[in-house]
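The file start18.cif comes next; it holds mmCIF, C-alpha atoms.
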data_my_file
loop_
_atom_site.label_atom_id
_atom_site.label_comp_id
_atom_site.auth_asym_id
_atom_site.auth_seq_id
_atom_site.Cartn_x
_atom_site.Cartn_y
_atom_site.Cartn_z
CA MET A 16 293.53 7.95 252.43
CA ALA A 17 297.20 7.38 253.31
CA VAL A 18 299.76 8.35 250.67
CA MET A 19 301.73 5.35 249.47
CA ALA A 20 305.43 5.66 250.29
CA THR A 21 307.86 5.71 247.35
CA HIS A 22 311.35 4.23 247.67
CA VAL A 23 314.25 4.56 245.23
CA ILE A 24 316.55 1.54 245.57
CA THR A 25 319.96 0.77 244.06
CA GLY A 26 321.32 -2.78 244.00
CA ALA A 27 317.89 -4.43 243.91
CA GLY A 28 319.08 -7.17 241.56
CA SER A 29 320.52 -9.39 244.30
CA GLY A 30 321.46 -9.75 247.95
CA ILE A 31 320.39 -7.09 250.43
CA GLY A 32 318.88 -4.80 247.79
CA ALA A 33 316.66 -7.56 246.42
CA ALA A 34 315.52 -8.52 249.94
CA VAL A 35 314.60 -4.91 250.78
CA ALA A 36 312.81 -4.44 247.45
CA ARG A 37 310.79 -7.64 247.99
CA ARG A 38 309.69 -6.55 251.47
CA LEU A 39 308.65 -3.05 250.39
CA HIS A 40 306.94 -4.36 247.25
CA ALA A 41 305.06 -7.01 249.23
CA ARG A 42 303.62 -4.43 251.63
CA GLY A 43 302.30 -2.34 248.75
CA ASP A 44 304.80 0.51 248.72
CA GLU A 45 305.86 2.12 245.46
CA ILE A 46 309.39 1.12 244.43
CA VAL A 47 311.66 2.70 241.86
CA LEU A 48 314.49 0.31 241.02
CA HIS A 49 317.77 1.65 239.71
CA ALA A 50 319.46 -0.40 236.98
CA ARG A 51 322.76 -0.07 235.16
CA ASP A 52 321.23 -0.46 231.70
CA ALA A 53 317.92 -1.04 229.91
CA GLY A 54 318.35 -4.82 229.86
CA ARG A 55 318.76 -5.05 233.63
CA ALA A 56 315.88 -2.61 234.09
CA LYS A 57 313.65 -4.94 232.07
CA ASP A 58 314.67 -7.91 234.24
CA LEU A 59 313.99 -5.97 237.45
CA ALA A 60 310.58 -4.79 236.21
CA ALA A 61 309.66 -8.40 235.39
CA GLY A 62 310.55 -9.49 238.93
CA PHE A 63 308.58 -6.70 240.60
CA PRO A 64 305.27 -6.16 238.80
CA GLY A 65 304.20 -2.52 238.95
CA ALA A 66 307.65 -1.25 239.93
CA ARG A 67 309.23 1.65 238.06
CA THR A 68 312.84 1.60 236.91
CA LEU A 69 315.54 4.21 236.58
CA VAL A 70 318.55 3.62 234.33
CA GLY A 71 322.05 5.04 234.85
CA ASP A 72 325.54 3.59 235.27
CA LEU A 73 326.85 4.11 238.81
CA ALA A 74 330.35 3.40 237.50
CA ASP A 75 330.13 6.63 235.49
CA PRO A 76 328.64 9.20 237.91
CA ASP A 77 329.43 12.11 235.57
CA LYS A 78 326.79 10.83 233.16
CA LEU A 79 324.00 10.17 235.68
CA SER A 80 322.61 13.68 235.34
CA TRP A 81 322.41 13.30 231.56
CA ALA A 82 320.81 9.85 231.85
CA PHE A 83 318.17 11.09 234.31
CA SER A 84 317.34 14.10 232.15
CA HIS A 85 315.98 11.66 229.55
CA GLN A 86 313.75 9.83 232.05
CA THR A 87 310.84 10.72 234.30
CA LEU A 88 311.97 10.92 237.90
CA PRO A 89 309.44 10.23 240.66
CA ASP A 90 307.69 13.34 242.00
CA ARG A 91 307.71 11.91 245.51
CA VAL A 92 310.60 10.14 247.24
CA ASP A 93 310.13 8.97 250.83
CA SER A 94 313.37 7.06 250.95
CA LEU A 95 316.54 6.67 248.93
CA LEU A 96 318.24 3.36 249.65
CA HIS A 97 321.85 3.10 248.53
CA VAL A 98 322.52 -0.65 248.48
CA ALA A 99 324.57 -1.19 245.30
CA GLY A 100 328.30 -1.69 245.73
CA VAL A 101 331.38 -3.27 244.18
CA VAL A 102 334.47 -4.80 245.73
CA ASP A 103 337.89 -5.51 244.23
CA LEU A 104 340.41 -6.73 246.75
CA GLY A 105 344.12 -6.16 246.37
CA GLU A 106 347.13 -4.81 248.20
CA VAL A 107 348.12 -1.16 247.85
CA GLY A 108 351.22 -2.27 245.98
CA GLU A 109 349.06 -3.96 243.33
CA LEU A 110 345.84 -1.96 242.91
CA THR A 111 345.67 0.21 239.80
CA PRO A 112 344.05 3.66 239.54
CA LYS A 113 341.32 2.02 237.43
CA SER A 114 340.41 -0.29 240.34
CA TRP A 115 340.46 2.61 242.82
CA ARG A 116 338.31 4.78 240.57
CA HIS A 117 335.75 2.05 239.91
CA GLN A 118 335.17 1.39 243.61
CA LEU A 119 335.13 5.08 244.54
CA ASN A 120 332.72 5.86 241.69
CA VAL A 121 330.19 3.12 242.46
CA ASN A 122 330.48 3.07 246.25
CA LEU A 123 330.86 6.78 247.02
CA ILE A 124 330.56 9.33 244.20
CA ALA A 125 327.45 7.81 242.61
CA PRO A 126 325.56 7.73 245.95
CA ALA A 127 326.49 11.40 246.46
CA GLU A 128 325.25 12.26 242.97
CA LEU A 129 322.00 10.28 243.37
CA THR A 130 321.39 11.97 246.70
CA ARG A 131 321.93 15.39 245.13
CA HIS A 132 319.36 14.58 242.45
CA PHE A 133 316.68 13.40 244.85
CA LEU A 134 317.19 15.88 247.70
CA PRO A 135 314.35 18.19 246.59
CA GLN A 136 311.86 15.29 246.69
CA LEU A 137 313.32 13.96 249.95
CA ARG A 138 313.01 17.38 251.60
CA ALA A 139 309.42 17.77 250.43
CA ALA A 140 308.51 14.34 251.84
CA ARG A 141 310.67 14.71 254.98
CA GLY A 142 312.18 11.49 253.73
CA HIS A 143 315.02 9.16 254.63
CA VAL A 144 318.39 8.36 253.05
CA ILE A 145 319.85 4.98 253.97
CA PHE A 146 323.43 4.09 253.08
CA VAL A 147 324.25 0.39 253.22
CA ASN A 148 327.87 0.69 254.22
CA SER A 149 330.07 -2.18 255.45
CA GLY A 150 332.15 -3.27 258.39
CA ALA A 151 334.98 -2.03 256.14
CA GLY A 152 333.54 1.47 256.54
CA LEU A 153 334.62 1.39 260.20
CA SER A 154 337.99 -0.39 259.99
CA ALA A 155 340.31 -1.37 257.15
CA SER A 156 342.20 -4.63 256.79
CA ALA A 157 345.09 -5.74 254.58
CA GLY A 158 343.93 -6.17 250.99
CA TRP A 159 340.85 -4.00 251.48
CA SER A 160 342.30 -0.48 251.07
CA ALA A 161 340.29 0.78 248.06
CA TYR A 162 336.99 -0.76 249.13
CA ALA A 163 337.42 0.39 252.74
CA ALA A 164 338.40 3.89 251.59
CA SER A 165 335.21 4.12 249.53
CA LYS A 166 333.14 2.97 252.51
CA HIS A 167 334.93 5.24 255.00
CA GLY A 168 334.08 8.03 252.55
CA LEU A 169 330.46 6.88 252.47
CA LYS A 170 330.30 7.25 256.26
CA ALA A 171 331.62 10.81 255.92
CA LEU A 172 329.02 11.54 253.24
CA ALA A 173 326.23 10.24 255.48
CA ASP A 174 327.46 12.11 258.57
CA SER A 175 327.71 15.42 256.68
CA LEU A 176 324.36 14.94 254.97
CA ARG A 177 322.68 14.20 258.31
CA GLN A 178 323.84 17.51 259.77
CA GLU A 179 323.04 19.46 256.61
CA GLU A 180 319.51 18.11 256.20
CA HIS A 181 318.38 17.71 259.81
CA ALA A 182 316.54 21.04 259.75
CA ASN A 183 314.75 19.92 256.57
CA GLY A 184 313.42 16.82 258.32
CA VAL A 185 315.47 14.38 256.24
CA ARG A 186 316.69 11.40 258.25
CA VAL A 187 320.02 9.73 257.39
CA THR A 188 321.07 6.24 258.46
CA SER A 189 324.23 4.24 257.82
CA VAL A 190 323.97 0.45 258.11
CA TYR A 191 327.20 -1.50 258.55
CA PRO A 192 326.58 -5.17 257.77
CA GLY A 193 329.21 -7.78 258.42
CA ARG A 194 329.68 -10.52 255.85
CA THR A 195 326.32 -11.24 254.24
CA ALA A 196 325.40 -14.25 252.08
CA SER A 197 325.24 -12.64 248.64
CA PRO A 198 326.86 -12.78 245.19
CA MET A 199 329.29 -10.08 246.35
CA GLN A 200 330.37 -12.28 249.27
CA ALA A 201 330.88 -15.22 246.90
CA LYS A 202 333.17 -12.99 244.83
CA VAL A 203 335.08 -11.87 247.94
CA HIS A 204 335.71 -15.48 248.94
CA GLN A 205 336.88 -16.24 245.42
CA GLN A 206 339.32 -13.31 245.57
CA GLU A 207 340.50 -14.48 249.00
CA GLY A 208 340.93 -18.02 247.71
CA LYS A 209 338.55 -19.36 250.36
CA GLU A 210 335.64 -21.78 250.12
CA TYR A 211 332.28 -19.99 250.32
CA ASP A 212 329.64 -21.34 252.70
CA PRO A 213 326.62 -18.98 252.73
CA SER A 214 325.22 -20.62 255.89
CA LYS A 215 328.07 -19.05 257.91
CA TRP A 216 327.07 -15.49 257.08
CA ILE A 217 324.17 -13.09 257.61
CA ASP A 218 321.02 -13.77 255.60
CA PRO A 219 320.21 -10.71 253.43
CA GLU A 220 316.69 -10.85 254.90
CA SER A 221 318.13 -10.06 258.33
CA VAL A 222 319.85 -6.95 257.00
CA ALA A 223 316.60 -6.01 255.23
CA THR A 224 314.85 -6.24 258.60
CA THR A 225 317.30 -3.77 260.14
CA ILE A 226 316.82 -1.37 257.20
CA LEU A 227 313.04 -1.51 257.54
CA THR A 228 313.38 -0.95 261.30
CA ALA A 229 315.22 2.31 260.62
CA LEU A 230 312.73 3.30 257.90
CA ASP A 231 309.65 2.57 260.00
CA LEU A 232 310.89 4.20 263.19
CA PRO A 233 308.46 6.88 264.43
CA ARG A 234 309.33 10.40 263.35
CA ASP A 235 310.43 11.50 266.83
CA ALA A 236 313.65 9.49 266.46
CA GLU A 237 316.37 8.64 263.96
CA ILE A 238 318.76 5.72 263.86
CA ASN A 239 322.10 7.19 262.80
CA ASP A 240 324.38 4.13 262.70
CA LEU A 241 323.44 0.48 262.79
CA THR A 242 326.05 -2.28 262.93
CA VAL A 243 324.94 -5.80 262.01
CA ARG A 244 327.23 -8.77 262.63
CA PRO A 245 326.94 -12.52 261.89
CA GLY A 246 325.17 -14.15 264.82
CA ARG A 247 326.60 -17.61 264.33
#

Final structure tokens representation of the file:
Amino acid sequence: MAVMATHVITGAGSGIGAAVARRLHARGDEIVLHARDAGRAKDLAAGFPGARTLVGDLADPDKLSWAFSHQTLPDRVDSLLHVAGVVDLGEVGELTPKSWRHQLNVNLIAPAELTRHFLPQLRAARGHVIFVNSGAGLSASAGWSAYAASKHGLKALADSLRQEEHANGVRVTSVYPGRTASPMQAKVHQQEGKEYDPSKWIDPESVATTILTALDLPRDAEINDLTVRPGR
């Protein structure tokens, strides 16, 4: 009998994370959904019957270890999917340390800390770590310095991890979606003072398809970097 794959997913409440969680849940895989607090965990569990939840605030990575020590972590982890992220646009001359820290904590330091926690299970399962990065992880534009810095850092984290864990059979993939129709994109448009039309941007389901392609690739190969751009 085949062992059911177990996936730990951040950002499953909306957008790309929700689309990936739905696809994996629908095919019968085990999903462990990360939530910021107990209330959100309850909402996620209601939306995905049978799913497990894991509570910890990504905005406060120093406390994740403490939070996890009071919960039961999954014994098996076949993939760790880092999808959660925050964005706060602003010019370098305006952004405060608080804004920098928040984006670096959620987008970079928390993924590093989560990865550290689950590496033993990922090594045992010869698993897969997928970082949902951003086009801003490859080039930075005016007004995007803090967010782009956090995503450039996420690329560095993924590239280092890939080399460190290759001998342990752990695959590492970075996915760089362009603008995707999601609540985050609505917020970006609001910050840019632009009208938001979701039909112009990538459907989260399309990004989910690329993530599953990397996950389901036969073991003789590994997709390192995957760039996804709006096709219309």

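For the pair CA of Ser114 (chain A) and CA of Val187 (chain A), the separation is 28.4 Å.
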
Written as a PyMOL selection string, what is the full residue list that the PyMOL selection byres ((chain A and resi 67) around 8) yields on the file shown? chain A and resi 46-48+60+65-66+68-69

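In this model, the gap between CA of Val185 (chain A) and CA of Thr25 (chain A) comes to 18.8 Å.
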
Each residue of region 161-244 of chain A lying at most 10 Å from region 34-38 of chain A should get a row with its shortest atom-to-atom pair and the distance in Å to one decimal, counting all atoms listed in the file; could you produce that, ordered by chain and increasing number, as a Markdown table?
| residue | atom | partner | partner_atom | distance |
| --- | --- | --- | --- | --- |
| A:Asp218 | CA | A:Ala34 | CA | 9.5 |
| A:Pro219 | CA | A:Ala34 | CA | 6.2 |
| A:Glu220 | CA | A:Ala34 | CA | 5.6 |
| A:Ser221 | CA | A:Ala34 | CA | 8.9 |
| A:Val222 | CA | A:Val35 | CA | 8.4 |
| A:Ala223 | CA | A:Val35 | CA | 5.0 |
| A:Thr224 | CA | A:Val35 | CA | 7.9 |
| A:Thr225 | CA | A:Val35 | CA | 9.8 |
| A:Ile226 | CA | A:Val35 | CA | 7.7 |
| A:Leu227 | CA | A:Val35 | CA | 7.7 |

Could you please determine the separation between CA of Val101 (chain A) and CA of Ser214 (chain A) in Å, to one decimal place? 21.8 Å

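Applied to the file shown here, the PyMOL selection byres ((chain A and resi 181) around 12) selects Leu137, Arg138, Arg141, Gly142, His143, Val144, Ala173, Asp174, Ser175, Leu176, Arg177, Gln178, Glu179, Glu180, Ala182, Asn183, Gly184, Val185, Arg186, Val187, Thr188, Ala236, Glu237 and Asn239 of chain A.
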
I need the output of the PyMOL selection byres ((chain A and resi 133) around 10) for this file as number ranges by chain; which residues are they? A: 23, 88-95, 128-132, 134-138, 144

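Residue nearest His22 (chain A), chosen from A:His40, A:Arg244, A:Arg116, A:Arg234 and counting all atoms listed in the file: A:His40.
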
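Minimum distance to Glu45 (chain A) across A:Thr21, A:Ser189, A:Ser156, A:Gln118 (counting all atoms listed in the file) occurs at A:Thr21.
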
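Using only C-alpha atoms, the shortest contact distance between Ile31 (chain A) and any of A:Ala171, A:Ala157, A:Val190, A:Leu73 is found at A:Val190.
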